[in-house]
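Okay, coords-v1.cif is below, mmCIF, C-alpha atoms:
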data_upload
#
loop_
_atom_site.label_atom_id
_atom_site.label_comp_id
_atom_site.auth_asym_id
_atom_site.auth_seq_id
_atom_site.Cartn_x
_atom_site.Cartn_y
_atom_site.Cartn_z
CA MET A 14 -17.80 -103.78 -48.19
CA ARG A 15 -18.73 -102.96 -51.78
CA TYR A 16 -22.41 -102.84 -50.82
CA LEU A 17 -21.68 -100.51 -47.89
CA VAL A 18 -19.61 -98.19 -50.08
CA LYS A 19 -22.39 -98.12 -52.71
CA GLU A 20 -25.06 -97.44 -50.06
CA PHE A 21 -22.87 -94.71 -48.55
CA HIS A 22 -22.56 -93.03 -51.95
CA VAL A 23 -26.34 -93.22 -52.42
CA ALA A 24 -26.86 -91.68 -48.98
CA LEU A 25 -24.41 -88.87 -49.74
CA ARG A 26 -26.18 -88.03 -53.00
CA PHE A 27 -29.61 -88.19 -51.34
CA TYR A 28 -28.57 -86.09 -48.39
CA SER A 29 -26.43 -83.65 -50.33
CA SER A 30 -28.23 -80.57 -49.03
CA ALA A 31 -25.89 -80.43 -46.05
CA LEU A 32 -22.65 -81.95 -44.87
CA ILE A 33 -21.66 -81.79 -41.23
CA VAL A 34 -18.42 -83.21 -39.95
CA ALA A 35 -17.99 -83.27 -36.21
CA VAL A 36 -14.87 -84.62 -34.65
CA LEU A 37 -15.63 -84.76 -30.95
CA SER A 38 -12.47 -84.04 -29.03
CA ALA A 39 -11.77 -85.50 -25.64
CA THR A 40 -10.61 -82.05 -24.51
CA ILE A 41 -14.25 -80.99 -24.31
CA ALA A 42 -15.68 -82.72 -21.26
CA GLN A 43 -13.46 -85.77 -21.67
CA GLN A 44 -15.17 -87.79 -18.94
CA ALA A 45 -18.64 -87.13 -20.31
CA LEU A 46 -17.63 -88.22 -23.80
CA ALA A 47 -15.80 -91.30 -22.55
CA ALA A 48 -19.01 -92.52 -20.94
CA LYS A 49 -21.21 -91.93 -24.01
CA SER A 50 -21.26 -93.86 -27.25
CA SER A 51 -22.22 -92.28 -30.56
CA ASP A 52 -25.78 -93.61 -30.41
CA GLN A 53 -26.26 -91.65 -27.17
CA LEU A 54 -24.88 -88.43 -28.71
CA LEU A 55 -26.91 -88.42 -31.93
CA PRO A 56 -30.32 -86.74 -32.22
CA ALA A 57 -33.63 -88.57 -32.53
CA THR A 58 -33.68 -87.57 -36.21
CA THR A 59 -30.85 -90.01 -36.96
CA LYS A 60 -31.76 -92.10 -40.01
CA GLY A 61 -28.76 -94.43 -40.09
CA LEU A 62 -25.69 -95.20 -38.03
CA LEU A 63 -22.53 -97.19 -38.70
CA SER A 64 -20.31 -97.50 -35.64
CA VAL A 65 -16.97 -99.20 -35.04
CA PRO A 66 -16.14 -99.31 -31.31
CA ASP A 67 -12.39 -99.81 -31.92
CA VAL A 68 -10.91 -99.36 -35.41
CA ASP A 69 -7.60 -101.03 -34.52
CA LEU A 70 -9.37 -104.07 -33.06
CA LEU A 71 -11.62 -104.28 -36.13
CA GLN A 72 -8.57 -104.37 -38.40
CA LYS A 73 -6.83 -106.95 -36.22
CA GLU A 74 -9.91 -109.21 -36.10
CA PHE A 75 -10.61 -108.76 -39.82
CA ASP A 76 -7.07 -109.92 -40.63
CA THR A 77 -7.82 -113.26 -38.93
CA THR A 78 -10.86 -113.97 -41.14
CA GLN A 79 -10.65 -115.97 -44.37
CA PHE A 80 -11.36 -112.81 -46.34
CA GLY A 81 -8.62 -110.94 -44.47
CA GLN A 82 -6.17 -113.75 -45.14
CA LEU A 83 -7.17 -113.82 -48.82
CA LEU A 84 -6.41 -110.10 -49.12
CA LYS A 85 -2.90 -110.74 -47.70
CA ASP A 86 -2.17 -113.34 -50.39
CA PRO A 87 0.65 -112.07 -52.67
CA LEU A 88 -1.49 -112.84 -55.74
CA MET A 89 -4.06 -110.30 -54.48
CA GLU A 90 -1.54 -107.45 -54.06
CA PRO A 91 -2.35 -105.68 -57.37
CA PHE A 92 -6.09 -105.86 -56.66
CA VAL A 93 -5.74 -104.65 -53.06
CA ALA A 94 -3.41 -101.81 -54.06
CA ASP A 95 -5.78 -100.64 -56.79
CA PHE A 96 -8.80 -100.88 -54.48
CA LYS A 97 -7.03 -98.83 -51.80
CA ARG A 98 -6.04 -96.26 -54.41
CA GLN A 99 -9.65 -95.95 -55.57
CA LEU A 100 -10.93 -95.56 -52.00
CA GLN A 101 -8.26 -92.92 -51.31
CA GLU A 102 -9.12 -90.94 -54.46
CA ASN A 103 -12.87 -91.15 -53.87
CA GLY A 104 -12.52 -90.21 -50.20
CA ASN A 105 -10.27 -87.28 -51.05
CA ARG A 106 -12.78 -85.96 -53.62
CA ARG A 107 -15.57 -86.13 -51.06
CA MET A 108 -13.52 -84.25 -48.49
CA GLU A 109 -12.10 -81.53 -50.77
CA LYS A 110 -14.62 -78.90 -49.62
CA MET A 111 -13.30 -79.25 -46.12
CA GLY A 112 -9.69 -79.11 -47.26
CA LEU A 113 -9.00 -82.55 -45.81
CA THR A 114 -7.58 -85.81 -47.03
CA LEU A 115 -8.14 -89.28 -45.60
CA SER A 116 -4.57 -89.22 -44.35
CA ASP A 117 -5.46 -86.18 -42.17
CA LEU A 118 -7.89 -88.42 -40.29
CA ASP A 119 -6.03 -91.73 -40.50
CA LYS A 120 -4.31 -91.79 -37.10
CA LEU A 121 -6.69 -89.44 -35.29
CA PRO A 122 -9.21 -91.88 -33.72
CA THR A 123 -8.21 -93.79 -30.61
CA GLY A 124 -11.55 -95.46 -29.91
CA GLU A 125 -15.00 -95.45 -31.46
CA VAL A 126 -15.58 -94.06 -34.94
CA ALA A 127 -19.13 -93.59 -36.16
CA MET A 128 -20.82 -92.20 -39.24
CA ALA A 129 -24.48 -91.24 -39.18
CA VAL A 130 -27.02 -89.76 -41.53
CA ILE A 131 -29.29 -87.32 -39.72
CA GLN A 132 -32.21 -85.11 -40.70
CA PRO A 133 -31.71 -81.71 -39.03
CA ALA A 134 -34.96 -80.34 -40.53
CA ALA A 135 -37.56 -81.29 -43.12
CA ASN A 136 -36.02 -81.82 -46.57
CA GLN A 137 -32.50 -81.57 -45.16
CA GLY A 138 -29.92 -84.23 -44.56
CA ALA A 139 -26.45 -84.34 -43.14
CA VAL A 140 -23.63 -86.79 -42.65
CA VAL A 141 -21.98 -86.71 -39.23
CA LEU A 142 -18.64 -88.24 -38.33
CA ILE A 143 -17.95 -88.85 -34.65
CA ALA A 144 -14.55 -90.02 -33.49
CA ASN A 145 -13.10 -90.60 -30.06
CA VAL A 146 -9.72 -88.84 -30.18
CA ALA A 147 -8.68 -89.20 -26.53
CA GLY A 148 -4.90 -88.78 -26.44
CA ASN A 149 -4.81 -86.96 -29.79
CA GLU A 150 -6.39 -83.71 -28.68
CA GLU A 151 -3.82 -81.41 -30.31
CA ALA A 152 -4.09 -83.18 -33.67
CA ALA A 153 -7.91 -83.11 -33.42
CA LYS A 154 -7.88 -79.37 -32.73
CA LYS A 155 -5.71 -78.77 -35.81
CA VAL A 156 -8.10 -80.80 -37.96
CA LEU A 157 -11.14 -78.96 -36.56
CA ASP A 158 -9.47 -75.58 -37.18
CA LYS A 159 -8.61 -76.60 -40.74
CA VAL A 160 -12.17 -77.82 -41.44
CA SER A 161 -13.70 -74.71 -39.89
CA ALA A 162 -11.53 -72.35 -41.94
CA ASN A 163 -12.16 -74.19 -45.20
CA LEU A 164 -15.92 -74.45 -44.70
CA LYS A 165 -16.16 -70.74 -43.82
CA LYS A 166 -14.40 -69.94 -47.12
CA THR A 167 -17.14 -71.82 -48.99
CA GLY A 168 -20.00 -70.15 -47.11
CA GLY A 169 -20.34 -72.63 -44.27
CA ARG A 170 -21.29 -71.60 -40.78
CA GLN A 171 -20.58 -73.11 -37.40
CA VAL A 172 -23.50 -74.25 -35.29
CA ARG A 173 -23.10 -75.60 -31.77
CA ARG A 174 -25.52 -78.21 -30.50
CA VAL A 175 -25.95 -79.76 -27.09
CA ALA A 176 -25.55 -83.54 -26.90
CA GLY A 177 -26.63 -84.51 -23.42
CA ASP A 178 -24.51 -82.33 -21.16
CA VAL A 179 -21.81 -81.71 -23.78
CA ILE A 180 -21.72 -78.75 -26.19
#
Mind turning the file's structure into structure tokens?
Amino acid sequence: MRYLVKEFHVALRFYSSALIVAVLSATIAQQALAAKSSDQLLPATTKGLLSVPDVDLLQKEFDTTQFGQLLKDPLMEPFVADFKRQLQENGNRRMEKMGLTLSDLDKLPTGEVAMAVIQPAANQGAVVLIANVAGNEEAAKKVLDKVSANLKKTGGRQVRRVAGDVI
């Protein structure tokens, strides 16, 4: 996990010329999105992809591992609490431009969650977040509206792209 977090931070610094957050809502062509995984939606310029098909299942399965059980040990509570605090603070700093916190996104996904690093054009990079939010469409719309408003305030612009037959 520590290695992944470090590599993620390196990728964010390297690809700091652009930040794109896309939360794909099931209200937009729900059937088309349900049939497509993130690797089918991303462009050919994708440089890296981390995908979790089911976040709840991942957590449940992780808890059954030796490492998961170790983290539940009462002796580890101070360490785990401090680690979670650090992740929360770091995540919140990264998302400030969008006016979001990690808690805004915590219960939003209902299926796959993916993060990718793409190269929209030469010497440009972007981080894309894709989340299946089927069943949470209203909450997803509120998050998208909040992100859109905050990015426009900082000079951002909205660009629509076609992913297969979905806009």
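With the shown file loaded, the PyMOL selection byres ((chain A and resi 105-121) around 7) picks out Gln101, Glu102, Asn103, Gly104, Pro122, Thr123, Val146, Asn149, Ala152, Ala153, Val160, Asn163 and Leu164 of chain A.
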Can you tell me how far CA of Gly148 in chain A sits from CA of Leu55 in chain A, in Å to one decimal?
22.7 Å
What does the distance from CA of Leu71 in chain A to CA of Lys154 in chain A come to in Å, to one decimal?
25.4 Å
Do you know which residues are at most 9 Å from Ser51 in chain A counting only C-alpha atoms, after dropping those on the same chain fewer than 4 positions away, and could you put them as an mmCIF file with C-alpha atoms, keeping the file's coordinate frame?
data_model
loop_
_atom_site.group_PDB
_atom_site.id
_atom_site.type_symbol
_atom_site.label_atom_id
_atom_site.label_comp_id
_atom_site.auth_asym_id
_atom_site.auth_seq_id
_atom_site.Cartn_x
_atom_site.Cartn_y
_atom_site.Cartn_z
ATOM 1 C CA LEU A 55 -26.910 -88.420 -31.930
ATOM 2 C CA LEU A 62 -25.690 -95.200 -38.030
ATOM 3 C CA SER A 64 -20.310 -97.500 -35.640
ATOM 4 C CA GLU A 125 -15.000 -95.450 -31.460
ATOM 5 C CA VAL A 126 -15.580 -94.060 -34.940
ATOM 6 C CA ALA A 127 -19.130 -93.590 -36.160
ATOM 7 C CA MET A 128 -20.820 -92.200 -39.240
ATOM 8 C CA ALA A 129 -24.480 -91.240 -39.180
ATOM 9 C CA ILE A 143 -17.950 -88.850 -34.650
ATOM 10 C CA ALA A 144 -14.550 -90.020 -33.490
#
For the file shown, what are the residues hit by the PyMOL selection byres ((chain A and resi 58-60) around 12), laid out as number ranges by chain?
A: 24, 28, 51-57, 61-63, 128-135, 137-141
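What separates CA of Gln82 in chain A from CA of Leu100 in chain A is a distance of 20.0 Å.
If you measure from each of A:Leu84, A:Val156, A:Val65, A:Ala147 to Ser50 in chain A using all atoms listed in the file, the closest one turns out to be A:Val65.
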Please define a box with edges along x, y and z of the file around all atoms of range 66-75 of chain A given in the file, extend it by 3 Å on each side, and return its centre and edge lengths in Å to one decimal, as lines of an AutoDock Vina configuration file.
center_x = -11.5
center_y = -104.3
center_z = -35.6
size_x = 15.3
size_y = 15.9
size_z = 14.5
